[in-house]
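Okay, coords_35.txt is below, compact mmCIF, C-alpha atoms:
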```txt
# COMPACT_ATOMS: atom_id res chain seq x y z
CA MET S 1 27.15 33.79 32.50
CA ASP S 2 26.35 31.05 30.01
CA VAL S 3 28.93 28.31 29.74
CA ALA S 4 29.04 26.65 26.33
CA VAL S 5 28.44 22.92 26.56
CA LYS S 6 30.18 20.82 23.94
CA THR S 7 27.82 18.79 21.78
CA PRO S 8 28.53 15.08 22.32
CA TRP S 9 29.14 13.02 19.18
CA HIS S 10 26.25 10.70 20.03
CA LEU S 11 23.73 13.53 19.68
CA TRP S 12 24.48 13.66 15.95
CA VAL S 13 24.17 9.88 15.64
CA VAL S 14 20.94 9.66 17.65
CA GLY S 15 19.50 12.75 15.95
CA GLY S 16 20.37 11.57 12.45
CA LEU S 17 19.12 8.01 12.91
CA SER S 18 15.96 9.19 14.63
CA LEU S 19 15.29 11.64 11.80
CA LEU S 20 15.47 8.77 9.32
CA TRP S 21 13.28 6.58 11.55
CA ASN S 22 10.72 9.34 12.06
CA ALA S 23 10.56 10.25 8.38
CA PHE S 24 8.63 7.04 7.73
CA PRO S 25 5.43 7.99 9.63
CA VAL S 26 5.44 11.37 7.88
CA VAL S 27 5.66 9.71 4.46
CA ASP S 28 3.19 6.99 5.46
CA PHE S 29 0.64 9.50 6.76
CA THR S 30 1.01 11.73 3.70
CA MET S 31 0.86 8.99 1.07
CA THR S 32 -2.02 7.21 2.81
CA ASN S 33 -4.09 10.37 3.19
CA LEU S 34 -3.42 11.33 -0.42
CA GLN S 35 -4.62 7.79 -1.20
CA ASN S 36 -1.61 7.19 -3.40
CA ALA S 37 -2.40 4.04 -5.39
CA ALA S 38 1.19 2.78 -5.48
CA TRP S 39 1.58 3.25 -1.72
CA LEU S 40 -1.71 1.55 -0.90
CA SER S 41 -1.14 -1.32 -3.36
CA GLN S 42 0.70 -3.23 -0.62
CA TYR S 43 -2.66 -3.76 1.13
CA ASN S 44 -5.62 -5.87 0.15
CA GLU S 45 -9.13 -4.37 -0.02
CA ALA S 46 -10.05 -5.18 3.59
CA GLN S 47 -6.79 -3.70 4.88
CA ARG S 48 -7.24 -0.53 2.81
CA ALA S 49 -10.81 -0.13 4.07
CA LEU S 50 -9.65 -0.48 7.68
CA ILE S 51 -6.73 1.92 7.29
CA LEU S 52 -8.69 4.55 5.36
CA GLY S 53 -11.89 4.18 7.37
CA GLY S 54 -10.69 5.47 10.72
CA PRO S 55 -12.42 8.36 12.46
CA GLY S 56 -11.04 11.87 12.09
CA TRP S 57 -9.70 11.99 15.64
CA SER S 58 -7.52 8.92 15.02
CA ASN S 59 -6.13 10.55 11.87
CA ILE S 60 -5.30 13.66 13.92
CA CYS S 61 -3.57 11.48 16.52
CA TRP S 62 -1.60 9.77 13.74
CA ALA S 63 -0.49 13.16 12.38
CA ILE S 64 0.47 14.48 15.83
CA GLY S 65 2.38 11.32 16.65
CA GLY S 66 4.29 11.09 13.38
CA PHE S 67 4.98 14.74 12.68
CA GLY S 68 5.70 15.37 16.38
CA SER S 69 8.46 12.78 16.42
CA PHE S 70 9.93 14.06 13.16
CA LEU S 71 9.93 17.59 14.57
CA GLY S 72 11.49 16.29 17.80
CA SER S 73 14.33 14.73 15.83
CA LEU S 74 14.92 17.96 13.89
CA LEU S 75 14.91 19.97 17.10
CA LEU S 76 17.34 17.51 18.65
CA LEU S 77 19.74 18.13 15.76
CA PHE S 78 19.25 21.89 16.19
CA ARG S 79 20.07 21.41 19.90
CA SER S 80 16.74 22.92 20.91
CA ARG S 81 15.22 22.23 24.32
CA HIS S 82 11.86 22.10 22.55
CA ALA S 83 12.75 18.62 21.29
CA VAL S 84 11.46 17.33 24.65
CA SER S 85 8.08 19.01 24.11
CA ALA S 86 7.83 17.68 20.56
CA PHE S 87 8.49 14.11 21.74
CA LEU S 88 5.91 14.55 24.54
CA LEU S 89 3.36 15.78 22.00
CA SER S 90 4.20 12.82 19.80
CA ALA S 91 3.57 10.49 22.74
CA LEU S 92 0.08 11.97 23.14
CA GLY S 93 -0.64 11.29 19.47
CA LEU S 94 0.76 7.78 19.73
CA ALA S 95 -1.37 7.15 22.82
CA GLY S 96 -4.47 8.05 20.81
CA MET S 97 -3.47 5.78 17.93
CA THR S 98 -2.60 2.95 20.30
CA TRP S 99 -6.01 3.32 21.94
CA TYR S 100 -7.76 3.30 18.57
CA GLN S 101 -5.84 0.35 17.09
CA LEU S 102 -5.45 -1.92 20.11
CA VAL S 103 -8.29 -1.10 22.49
CA GLN S 104 -11.21 0.47 20.67
CA ASN S 105 -10.84 -1.59 17.46
CA GLY S 106 -8.40 -4.29 18.52
CA ASP S 107 -10.54 -7.17 17.22
CA ALA S 108 -10.97 -5.60 13.77
CA PHE S 109 -7.26 -4.80 13.47
CA ARG S 110 -6.25 -8.30 14.60
CA LYS S 111 -8.70 -9.90 12.18
CA VAL S 112 -7.47 -7.90 9.18
CA LEU S 113 -3.80 -7.25 10.02
CA GLY S 114 -2.93 -10.00 12.49
CA ASP S 115 -0.56 -9.15 15.34
CA ALA S 116 1.41 -6.56 13.33
CA PRO S 117 -0.28 -3.52 14.97
CA LEU S 118 0.56 -4.83 18.45
CA TYR S 119 4.22 -5.47 17.66
CA MET S 120 4.63 -2.22 15.74
CA ASN S 121 3.08 -0.24 18.58
CA ILE S 122 5.50 -1.84 21.05
CA VAL S 123 8.52 -1.01 18.88
CA ILE S 124 7.33 2.55 18.24
CA TRP S 125 6.69 3.14 21.96
CA VAL S 126 10.14 1.83 22.91
CA VAL S 127 11.87 4.06 20.35
CA LEU S 128 9.78 7.13 21.23
CA LEU S 129 10.34 6.75 24.97
CA ALA S 130 14.08 6.24 24.40
CA LEU S 131 14.19 9.44 22.34
CA LEU S 132 12.18 11.33 24.95
CA PHE S 133 14.46 10.23 27.79
CA TYR S 134 17.55 10.96 25.69
CA ALA S 135 16.29 14.47 24.88
CA ARG S 136 15.49 15.09 28.55
CA ALA S 137 18.98 13.95 29.54
CA MET S 138 20.60 16.23 26.94
CA LYS S 139 18.46 19.12 28.14
CA ALA S 140 19.44 18.46 31.77
CA LYS S 141 23.13 18.47 30.79
CA GLY S 142 22.72 21.79 29.02
CA VAL S 143 23.33 20.41 25.53
CA LEU S 144 19.86 21.46 24.40
CA ARG S 145 19.19 25.17 24.81
```
Turn the structure described in the file into structure tokens.
Amino acid sequence: MDVAVKTPWHLWVVGGLSLLWNAFPVVDFTMTNLQNAAWLSQYNEAQRALILGGPGWSNICWAIGGFGSFLGSLLLLFRSRHAVSAFLLSALGLAGMTWYQLVQNGDAFRKVLGDAPLYMNIVIWVVLLALLFYARAMKAKGVLR
């Protein structure tokens, strides 16, 4: 017999805020890959060349990381246990992007963008891991089905 578990109020807050947070990488990925002039105007020529010149696998990692987190947030709001899997998939994509930006091409990124990629990666990892652990906890409590 299934016992209905009441949805805690904080799930709506965490889900809603995370959906807003995770909408940015979806927009950023889309606008960058469409090479939207207004979106890319915030960067100088060297920055644009670095951002647009990445290998295909790093672009795939970027898409998996960004869209995976957005999907995870949606699934969290739908109270789906699959939110955990989406956040795990996002972590794989983020791991690939972190490798590309900080390890494989760390010198080039630091030269052109300064320390911003390092700090942004740290913030993104902290938020993603918090969302992953939160989703796992809600799944364990039976809130996510």
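Here CA of Val84 (chain S) is placed at a distance of 22.9 Å from CA of Ser58 (chain S).
Proximity of S:Leu17, S:Ile64, S:Met97, S:Met138 to Ala83 (chain S), computed with only C-alpha atoms, is greatest for S:Met138.
Remark: residues at most 12 Å from position (-7.0, -11.1, 9.2) in file coordinates are Tyr43, Asn44, Glu45, Ala46, Gln47, Leu50, Gly106, Asp107, Ala108, Phe109, Arg110, Lys111, Val112, Leu113, Gly114, Asp115, Ala116 and Pro117 of chain S, using all atoms listed in the file.
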Go through S:Gly15, S:Gly142, S:Gly93, S:Pro8 and flag the residue nearest Gly68 (chain S), using all atoms listed in the file for the distances.
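For Gly68 (chain S), the nearest of the candidates is S:Gly93.
CA of Ala63 (chain S) is found 11.4 Å from CA of Thr32 (chain S).
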Neighbours of His10 (chain S) within 12 Å (all atoms listed in the file; same-chain residues fewer than 5 positions away dropped), as JSON, numbers by chain?
{"S": [15, 16, 17, 18, 76, 77, 134, 135, 138, 143]}
What does the structure give for the distance between CA of Cys61 (chain S) and CA of Leu144 (chain S), in Å to one decimal?
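One can read the CA of Cys61 (chain S) to CA of Leu144 (chain S) distance as 26.7 Å.
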Show which residues sit within 12 Å of Val27 (chain S), as a tab-separated table (two decimals) with C-alpha atoms, in the frame of the given file. Count all atoms listed in the file, and ignore same-chain residues fewer than 2 positions away.
```tsv
chain	number	residue	atom	x	y	z
S	20	LEU	CA	15.47	8.77	9.32
S	21	TRP	CA	13.28	6.58	11.55
S	22	ASN	CA	10.72	9.34	12.06
S	23	ALA	CA	10.56	10.25	8.38
S	24	PHE	CA	8.63	7.04	7.73
S	25	PRO	CA	5.43	7.99	9.63
S	29	PHE	CA	0.64	9.50	6.76
S	30	THR	CA	1.01	11.73	3.70
S	31	MET	CA	0.86	8.99	1.07
S	32	THR	CA	-2.02	7.21	2.81
S	33	ASN	CA	-4.09	10.37	3.19
S	34	LEU	CA	-3.42	11.33	-0.42
S	35	GLN	CA	-4.62	7.79	-1.20
S	36	ASN	CA	-1.61	7.19	-3.40
S	39	TRP	CA	1.58	3.25	-1.72
S	62	TRP	CA	-1.60	9.77	13.74
S	63	ALA	CA	-0.49	13.16	12.38
S	66	GLY	CA	4.29	11.09	13.38
S	67	PHE	CA	4.98	14.74	12.68
S	70	PHE	CA	9.93	14.06	13.16
```
I'd like to know which of S:Asn59, S:Leu19, S:Phe133, S:Trp9 is closest to Ser73 (chain S), using all atoms listed in the file.
S:Leu19
Restricting the calculation to only C-alpha atoms: of S:Leu129, S:Ala37, S:Ile51, S:Leu88, which residue gets closest to Leu71 (chain S)?
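Smallest separation from Leu71 (chain S) among the options: S:Leu88.
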Go through S:Val14, S:Ala38, S:Leu102, S:Ala86 one by one, measure the shortest atom-to-atom distance of each to Tyr119 (chain S) using all atoms listed in the file, and give the residue with the smallest value.
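With all atoms listed in the file as the atom set, the closest residue is S:Leu102.
When only C-alpha atoms are used to measure the gap to Asn105 (chain S), the shortest distance among S:Pro55, S:Arg48, S:Met120, S:Gly65 belongs to S:Pro55.
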